[in-house]
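To start, the structure itself, in structure tokens.
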Protein chains: 2
Amino acid sequence: MFRGANKVTLDAKGRLAMPTRYRERIVERSNGRLIATVDRADRCLLIYPLPEWEEIELKLRRLPTLNPVARRLQRLMIGHATDLELDGSGRILLPPSLREYAALSRTAMLIGQGNRFELWDEGLWNANRDQWLKVDEAAEELPPELATLSL
Amino acid sequence: MFRGANKVTLDAKGRLAMPTRYRERIVERSNGRLIATVDRADRCLLIYPLPEWEEIELKLRRLPTLNPVARRLQRLMIGHATDLELDGSGRILLPPSLREYAALSRTAMLIGQGNRFELWDEGLWNANRDQWLKVDEAAEELPPELATLSL
DNA sequence: CGGGCGGTGGGAAATTGTGGGAATCGGTGG
DNA sequence: CCACCGATTCCCACAATTTCCCACCGCCCG
């Protein structure tokens, strides 16, 4: 499982050095193969080890093609899913289109989220995090899955 | 399986270079033979490896001939299906009628969607994608297949 | 203080994308 | 039936991009 927030830098060619502590796990899990795609709600990227992604892709592909909501999800997620591979230096190369989508400049945040990573532009990450902290949870309607949650 | 978004260009002759990462798979799957047809809902083209298309054509042909919706689907999809073949440089030649249908100008987006590709004019793709992102998923009626989907 | 590891950058070679030209095929009109 | 014109297909060459590899630098730890 992936955890933690890491400040990372993209070089001029769009390469991102995966923090060392994750590398071994990524290599043993998927031989260094990852998939990056866009998040459908926020301007950030999702990065999965290949086997994790394949499960998700399977679920998405089983959805009915004629349903417009399903079709939209497929187009966004499968349509933007890009194969990545750790290079000899433990870096991945992010294609320009994904960099653009997430407004990634030089410094970014790589956030461990269990079976995947999220990659945010550093500025966006900080802004959003501050936002999340400000929201008054008590004022919100809790969906039933959360009502009984104990942390 | 095909995934990812690729910016491609059509040259003056209507030729489109298939990104290299897909070529090998296309050749081994269908010996370089593809079928292009129109999408029933959007102004884009669908491109299938020949064997994938043959399954779909079979499904379409089994639909009841007297049902007008089925009839319309058959006419659109089978009626516009065009044989394409990768040339020596890994390019396909799109006939003018299909180019016109999808309003393809010089730069287009080739979107991997599992067993097929979608080909969009770049401007249309971007406009539609932004549209899809704006929609608030929560406000929509989710089909049961999606309600429990965990990504 | 020295060695090693992780992060960063850059350069060179291989590969891919793009365009153009020439030959061939097909169609049409004389 | 032949000749000519147009369109298509095949092939080659150049340019740009990508990928791979190596070297440097700084930091941390021993």
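Note on naming: chains are A, B, ... as they come in the structure tokens, residues start from 1 per chain, ligands start from 1 in the order shown.
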When you get a sec, could you note down which chain B residues fall within 6 Å of chain A, using only C-alpha atoms, as a JSON list (two decimals) with C-alpha atoms, in the first residue's frame?
[["chain", "number", "residue", "atom", "x", "y", "z"],
["B", 3, "ARG", "CA", -5.78, 3.02, -24.09],
["B", 4, "GLY", "CA", -4.51, 6.56, -23.99],
["B", 5, "ALA", "CA", -4.91, 9.78, -25.91],
["B", 111, "ILE", "CA", -8.29, 7.73, -28.18],
["B", 112, "GLY", "CA", -7.77, 4.15, -27.06],
["B", 113, "GLN", "CA", -11.02, 2.62, -25.79]]
Please identify every residue of chain D that has at least one atom no farther than 12 Å from an atom of chain A, counting only C-alpha atoms (C1' of nucleotides), and for each give the shortest atom pair and the distance in Å to one decimal, arranged by chain then increasing number, as JSON lines.
{"residue": "D:DT17", "atom": "C1'", "partner": "A:Lys13", "partner_atom": "CA", "distance": 11.5}
{"residue": "D:DT18", "atom": "C1'", "partner": "A:Lys13", "partner_atom": "CA", "distance": 10.2}
{"residue": "D:DT19", "atom": "C1'", "partner": "A:Asp87", "partner_atom": "CA", "distance": 9.7}
{"residue": "D:DC20", "atom": "C1'", "partner": "A:Gly88", "partner_atom": "CA", "distance": 8.7}
{"residue": "D:DC21", "atom": "C1'", "partner": "A:Gly88", "partner_atom": "CA", "distance": 8.7}
{"residue": "D:DC22", "atom": "C1'", "partner": "A:Ser89", "partner_atom": "CA", "distance": 11.1}
Please identify every residue of chain C that has at least one atom no farther than 12 Å from an atom of chain B, counting only C-alpha atoms (C1' of nucleotides), and for each give the shortest atom pair and the distance in Å to one decimal, arranged by chain then increasing number, as a tab-separated table.
residue	atom	partner	partner_atom	distance
C:DT15	C1'	B:Thr20	CA	9.7
C:DT16	C1'	B:Thr20	CA	7.5
C:DG17	C1'	B:Ala17	CA	7.3
C:DT18	C1'	B:Asp11	CA	7.8
C:DG19	C1'	B:Asp11	CA	8.2
C:DG20	C1'	B:Ala12	CA	10.9
Selection export as a compact mmCIF listing (two decimals), in the first residue's frame, atoms kept: N, CA and C atoms (P, O5', C5', C4', C3', O3' and C1' of nucleotides):
# COMPACT_ATOMS: atom_id res chain seq x y z
P DT C 15 16.41 1.26 -33.25
O5' DT C 15 15.01 2.04 -33.24
C5' DT C 15 14.61 2.68 -32.02
C4' DT C 15 13.60 3.75 -32.33
C3' DT C 15 12.57 3.37 -33.41
O3' DT C 15 11.29 3.39 -32.80
C1' DT C 15 13.39 5.57 -33.74
P DT C 16 10.00 2.93 -33.61
O5' DT C 16 9.31 4.34 -33.93
C5' DT C 16 9.27 5.33 -32.91
C4' DT C 16 8.76 6.64 -33.46
C3' DT C 16 7.57 6.52 -34.41
O3' DT C 16 6.59 7.46 -34.02
C1' DT C 16 9.28 7.79 -35.43
P DG C 17 5.16 7.54 -34.70
O5' DG C 17 5.23 8.91 -35.49
C5' DG C 17 5.48 10.09 -34.77
C4' DG C 17 5.74 11.24 -35.72
C3' DG C 17 4.61 11.52 -36.72
O3' DG C 17 4.46 12.93 -36.80
C1' DG C 17 6.62 11.13 -37.90
P DT C 18 3.19 13.57 -37.53
O5' DT C 18 3.77 14.06 -38.92
C5' DT C 18 4.93 14.89 -38.93
C4' DT C 18 5.45 15.04 -40.34
C3' DT C 18 4.37 15.18 -41.42
O3' DT C 18 4.54 16.44 -42.02
C1' DT C 18 6.08 13.68 -42.09
P DG C 19 3.39 17.06 -42.98
O5' DG C 19 4.15 17.12 -44.38
C5' DG C 19 5.50 17.53 -44.40
C4' DG C 19 6.18 16.97 -45.62
C3' DG C 19 5.37 17.11 -46.90
O3' DG C 19 6.08 17.93 -47.81
C1' DG C 19 6.33 14.93 -46.70
P DG C 20 5.40 18.50 -49.12
O5' DG C 20 6.22 17.72 -50.25
C5' DG C 20 7.61 17.50 -50.07
C4' DG C 20 8.06 16.36 -50.95
C3' DG C 20 7.48 16.40 -52.37
O3' DG C 20 8.53 16.23 -53.29
C1' DG C 20 7.17 14.26 -51.41
Name the residues of chain B that come out as helix (DSSP H, G or I) in a backbone DSSP run; write them as a count of residues only.
63
Quick one: everything within 12 Å of C:DT24, counting only C-alpha atoms (C1' of nucleotides), minus sequence neighbours fewer than 4 positions away in the same chain. Send it as number ranges by chain.
D: 7-10
Output the selection as a short mmCIF file (atom, residue, chain, number, x, y, z; two decimals), in the first residue's frame - C-alpha atoms (C1' of nucleotides) for each residue.
data_model
loop_
_atom_site.label_atom_id
_atom_site.label_comp_id
_atom_site.auth_asym_id
_atom_site.auth_seq_id
_atom_site.Cartn_x
_atom_site.Cartn_y
_atom_site.Cartn_z
"C1'" DA D 7 -6.21 9.15 -58.57
"C1'" DT D 8 -4.13 5.97 -55.62
"C1'" DT D 9 -0.43 3.32 -53.75
"C1'" DC D 10 4.10 2.33 -52.77
#
According to DSSP computed on the backbone, where in chain B is there strand (DSSP E)? Give the residues as a PDB file with N, CA and C atoms, in the first residue's frame.
ATOM      1  N   PHE B   2      -6.342  -1.307 -26.014  1.00  0.00           N
ATOM      2  CA  PHE B   2      -5.900   0.033 -26.394  1.00  0.00           C
ATOM      3  C   PHE B   2      -6.336   1.053 -25.358  1.00  0.00           C
ATOM      4  N   ARG B   3      -5.412   1.919 -24.978  1.00  0.00           N
ATOM      5  CA  ARG B   3      -5.782   3.022 -24.089  1.00  0.00           C
ATOM      6  C   ARG B   3      -4.939   4.236 -24.420  1.00  0.00           C
ATOM      7  N   GLY B   4      -5.333   5.380 -23.840  1.00  0.00           N
ATOM      8  CA  GLY B   4      -4.508   6.562 -23.985  1.00  0.00           C
ATOM      9  C   GLY B   4      -4.954   7.495 -25.090  1.00  0.00           C
ATOM     10  N   ALA B   5      -4.557   8.741 -24.945  1.00  0.00           N
ATOM     11  CA  ALA B   5      -4.913   9.783 -25.908  1.00  0.00           C
ATOM     12  C   ALA B   5      -3.673  10.199 -26.677  1.00  0.00           C
ATOM     13  N   ASN B   6      -3.780  10.212 -27.996  1.00  0.00           N
ATOM     14  CA  ASN B   6      -2.634  10.552 -28.825  1.00  0.00           C
ATOM     15  C   ASN B   6      -2.997  11.650 -29.807  1.00  0.00           C
ATOM     16  N   LYS B   7      -2.175  12.667 -29.840  1.00  0.00           N
ATOM     17  CA  LYS B   7      -2.360  13.689 -30.858  1.00  0.00           C
ATOM     18  C   LYS B   7      -1.748  13.181 -32.159  1.00  0.00           C
ATOM     19  N   VAL B   8      -2.543  13.173 -33.199  1.00  0.00           N
ATOM     20  CA  VAL B   8      -2.047  12.702 -34.495  1.00  0.00           C
ATOM     21  C   VAL B   8      -2.368  13.755 -35.558  1.00  0.00           C
ATOM     22  N   THR B   9      -1.668  13.666 -36.684  1.00  0.00           N
ATOM     23  CA  THR B   9      -1.921  14.622 -37.759  1.00  0.00           C
ATOM     24  C   THR B   9      -2.301  13.882 -39.031  1.00  0.00           C
ATOM     25  N   ARG B  15      -3.698  10.719 -44.818  1.00  0.00           N
ATOM     26  CA  ARG B  15      -3.044   9.603 -44.136  1.00  0.00           C
ATOM     27  C   ARG B  15      -2.815   9.922 -42.669  1.00  0.00           C
ATOM     28  N   LEU B  16      -2.913   8.911 -41.829  1.00  0.00           N
ATOM     29  CA  LEU B  16      -2.779   9.073 -40.387  1.00  0.00           C
ATOM     30  C   LEU B  16      -1.761   8.045 -39.878  1.00  0.00           C
ATOM     31  N   ALA B  17      -0.714   8.509 -39.251  1.00  0.00           N
ATOM     32  CA  ALA B  17       0.310   7.598 -38.725  1.00  0.00           C
ATOM     33  C   ALA B  17      -0.161   7.010 -37.403  1.00  0.00           C
ATOM     34  N   ARG B  33      -5.071  -5.168 -40.416  1.00  0.00           N
ATOM     35  CA  ARG B  33      -6.344  -4.812 -41.036  1.00  0.00           C
ATOM     36  C   ARG B  33      -7.296  -4.213 -40.011  1.00  0.00           C
ATOM     37  N   LEU B  34      -7.854  -3.064 -40.347  1.00  0.00           N
ATOM     38  CA  LEU B  34      -8.737  -2.336 -39.440  1.00  0.00           C
ATOM     39  C   LEU B  34     -10.035  -1.977 -40.163  1.00  0.00           C
ATOM     40  N   ILE B  35     -11.056  -1.661 -39.358  1.00  0.00           N
ATOM     41  CA  ILE B  35     -12.325  -1.164 -39.887  1.00  0.00           C
ATOM     42  C   ILE B  35     -12.640   0.170 -39.226  1.00  0.00           C
ATOM     43  N   ALA B  36     -12.951   1.152 -40.020  1.00  0.00           N
ATOM     44  CA  ALA B  36     -13.383   2.434 -39.479  1.00  0.00           C
ATOM     45  C   ALA B  36     -14.853   2.632 -39.797  1.00  0.00           C
ATOM     46  N   THR B  37     -15.596   3.147 -38.811  1.00  0.00           N
ATOM     47  CA  THR B  37     -16.993   3.490 -39.064  1.00  0.00           C
ATOM     48  C   THR B  37     -17.363   4.692 -38.215  1.00  0.00           C
ATOM     49  N   VAL B  38     -18.606   5.109 -38.283  1.00  0.00           N
ATOM     50  CA  VAL B  38     -19.009   6.320 -37.576  1.00  0.00           C
ATOM     51  C   VAL B  38     -19.606   5.955 -36.219  1.00  0.00           C
ATOM     52  N   LEU B  45     -15.057   8.977 -35.255  1.00  0.00           N
ATOM     53  CA  LEU B  45     -14.971   7.692 -35.928  1.00  0.00           C
ATOM     54  C   LEU B  45     -14.569   6.602 -34.942  1.00  0.00           C
ATOM     55  N   LEU B  46     -14.997   5.397 -35.205  1.00  0.00           N
ATOM     56  CA  LEU B  46     -14.598   4.236 -34.416  1.00  0.00           C
ATOM     57  C   LEU B  46     -13.709   3.365 -35.283  1.00  0.00           C
ATOM     58  N   ILE B  47     -12.602   2.927 -34.733  1.00  0.00           N
ATOM     59  CA  ILE B  47     -11.657   2.123 -35.506  1.00  0.00           C
ATOM     60  C   ILE B  47     -11.395   0.811 -34.757  1.00  0.00           C
ATOM     61  N   TYR B  48     -11.749  -0.294 -35.385  1.00  0.00           N
ATOM     62  CA  TYR B  48     -11.621  -1.617 -34.774  1.00  0.00           C
ATOM     63  C   TYR B  48     -10.617  -2.470 -35.542  1.00  0.00           C
ATOM     64  N   PRO B  49      -9.874  -3.319 -34.833  1.00  0.00           N
ATOM     65  CA  PRO B  49      -9.170  -4.391 -35.542  1.00  0.00           C
ATOM     66  C   PRO B  49     -10.233  -5.277 -36.193  1.00  0.00           C
ATOM     67  N   THR B  82     -15.583   0.851 -43.221  1.00  0.00           N
ATOM     68  CA  THR B  82     -14.617   0.895 -44.314  1.00  0.00           C
ATOM     69  C   THR B  82     -13.372   0.107 -43.938  1.00  0.00           C
ATOM     70  N   ASP B  83     -12.904  -0.725 -44.858  1.00  0.00           N
ATOM     71  CA  ASP B  83     -11.668  -1.477 -44.626  1.00  0.00           C
ATOM     72  C   ASP B  83     -10.470  -0.551 -44.733  1.00  0.00           C
ATOM     73  N   LEU B  84      -9.577  -0.669 -43.747  1.00  0.00           N
ATOM     74  CA  LEU B  84      -8.329   0.090 -43.781  1.00  0.00           C
ATOM     75  C   LEU B  84      -7.186  -0.880 -43.576  1.00  0.00           C
ATOM     76  N   GLU B  85      -6.019  -0.494 -44.032  1.00  0.00           N
ATOM     77  CA  GLU B  85      -4.861  -1.356 -43.804  1.00  0.00           C
ATOM     78  C   GLU B  85      -3.648  -0.494 -43.491  1.00  0.00           C
ATOM     79  N   ARG B  91       0.860   3.669 -41.499  1.00  0.00           N
ATOM     80  CA  ARG B  91      -0.209   4.665 -41.618  1.00  0.00           C
ATOM     81  C   ARG B  91      -1.464   4.044 -42.207  1.00  0.00           C
ATOM     82  N   ILE B  92      -2.624   4.658 -41.895  1.00  0.00           N
ATOM     83  CA  ILE B  92      -3.871   4.273 -42.547  1.00  0.00           C
ATOM     84  C   ILE B  92      -4.369   5.454 -43.369  1.00  0.00           C
ATOM     85  N   LEU B  93      -5.108   5.137 -44.409  1.00  0.00           N
ATOM     86  CA  LEU B  93      -5.645   6.166 -45.294  1.00  0.00           C
ATOM     87  C   LEU B  93      -7.144   6.294 -45.075  1.00  0.00           C
ATOM     88  N   THR B 107      -5.149  18.309 -37.337  1.00  0.00           N
ATOM     89  CA  THR B 107      -4.766  17.640 -36.088  1.00  0.00           C
ATOM     90  C   THR B 107      -5.989  16.974 -35.454  1.00  0.00           C
ATOM     91  N   ALA B 108      -5.790  15.747 -35.040  1.00  0.00           N
ATOM     92  CA  ALA B 108      -6.873  14.947 -34.486  1.00  0.00           C
ATOM     93  C   ALA B 108      -6.391  14.250 -33.228  1.00  0.00           C
ATOM     94  N   MET B 109      -7.331  13.686 -32.466  1.00  0.00           N
ATOM     95  CA  MET B 109      -6.984  12.903 -31.287  1.00  0.00           C
ATOM     96  C   MET B 109      -7.419  11.460 -31.498  1.00  0.00           C
ATOM     97  N   LEU B 110      -6.496  10.557 -31.263  1.00  0.00           N
ATOM     98  CA  LEU B 110      -6.781   9.134 -31.367  1.00  0.00           C
ATOM     99  C   LEU B 110      -6.860   8.573 -29.949  1.00  0.00           C
ATOM    100  N   ILE B 111      -8.047   8.100 -29.566  1.00  0.00           N
ATOM    101  CA  ILE B 111      -8.294   7.730 -28.177  1.00  0.00           C
ATOM    102  C   ILE B 111      -8.477   6.223 -28.052  1.00  0.00           C
ATOM    103  N   GLY B 112      -7.616   5.582 -27.288  1.00  0.00           N
ATOM    104  CA  GLY B 112      -7.768   4.148 -27.061  1.00  0.00           C
ATOM    105  C   GLY B 112      -8.972   3.880 -26.172  1.00  0.00           C
ATOM    106  N   GLN B 113      -9.818   2.940 -26.562  1.00  0.00           N
ATOM    107  CA  GLN B 113     -11.024   2.620 -25.786  1.00  0.00           C
ATOM    108  C   GLN B 113     -11.202   1.112 -25.682  1.00  0.00           C
ATOM    109  N   GLY B 114     -10.160   0.431 -25.229  1.00  0.00           N
ATOM    110  CA  GLY B 114     -10.294  -1.016 -25.053  1.00  0.00           C
ATOM    111  C   GLY B 114     -10.134  -1.765 -26.359  1.00  0.00           C
ATOM    112  N   PHE B 117     -10.451   2.140 -31.172  1.00  0.00           N
ATOM    113  CA  PHE B 117     -10.040   3.533 -31.027  1.00  0.00           C
ATOM    114  C   PHE B 117     -11.204   4.444 -31.388  1.00  0.00           C
ATOM    115  N   GLU B 118     -11.160   5.634 -30.818  1.00  0.00           N
ATOM    116  CA  GLU B 118     -12.030   6.694 -31.314  1.00  0.00           C
ATOM    117  C   GLU B 118     -11.141   7.765 -31.912  1.00  0.00           C
ATOM    118  N   LEU B 119     -11.586   8.325 -33.019  1.00  0.00           N
ATOM    119  CA  LEU B 119     -10.819   9.381 -33.665  1.00  0.00           C
ATOM    120  C   LEU B 119     -11.653  10.653 -33.714  1.00  0.00           C
ATOM    121  N   TRP B 120     -11.145  11.689 -33.066  1.00  0.00           N
ATOM    122  CA  TRP B 120     -11.857  12.964 -32.955  1.00  0.00           C
ATOM    123  C   TRP B 120     -11.036  14.082 -33.588  1.00  0.00           C
ATOM    124  N   ASP B 121     -11.720  15.033 -34.150  1.00  0.00           N
ATOM    125  CA  ASP B 121     -11.051  16.289 -34.442  1.00  0.00           C
ATOM    126  C   ASP B 121     -10.576  16.873 -33.112  1.00  0.00           C
TER     127      ASP B 121
END
Enter the distance from atom CA of B:Arg21 to atom CA of B:Arg99, in Å, rounded to one decimal.
23.6 Å
Considering only C-alpha atoms (C1' of nucleotides), return as a compact mmCIF listing (two decimals) with N, CA and C atoms (P, O5', C5', C4', C3', O3' and C1' of nucleotides), in the first residue's frame whatever protein or nucleic-acid residues lie within 12 Å of C:DG29, sequence-local ones (same chain, fewer than 3 positions apart) excluded.
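After the write, selection22.txt holds the following:
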# COMPACT_ATOMS: atom_id res chain seq x y z
P DC D 2 -5.53 -1.93 -78.84
O5' DC D 2 -5.01 -0.43 -78.82
C5' DC D 2 -5.27 0.42 -79.93
C4' DC D 2 -5.23 1.86 -79.48
C3' DC D 2 -4.09 2.20 -78.52
O3' DC D 2 -3.46 3.39 -78.97
C1' DC D 2 -6.14 2.91 -77.60
P DA D 3 -2.04 3.76 -78.39
O5' DA D 3 -2.36 5.19 -77.78
C5' DA D 3 -3.18 6.12 -78.52
C4' DA D 3 -3.63 7.23 -77.59
C3' DA D 3 -2.56 7.70 -76.62
O3' DA D 3 -2.62 9.12 -76.49
C1' DA D 3 -4.43 6.99 -75.41
P DC D 4 -1.41 9.92 -75.90
O5' DC D 4 -2.14 10.88 -74.88
C5' DC D 4 -3.47 11.36 -75.16
C4' DC D 4 -4.25 11.50 -73.86
C3' DC D 4 -3.45 12.14 -72.72
O3' DC D 4 -4.22 13.20 -72.18
C1' DC D 4 -4.53 10.18 -71.97
P DC D 5 -3.46 14.41 -71.45
O5' DC D 5 -4.32 14.60 -70.13
C5' DC D 5 -5.74 14.39 -70.17
C4' DC D 5 -6.18 13.76 -68.86
C3' DC D 5 -5.49 14.35 -67.62
O3' DC D 5 -6.47 15.00 -66.83
C1' DC D 5 -5.62 11.97 -67.51
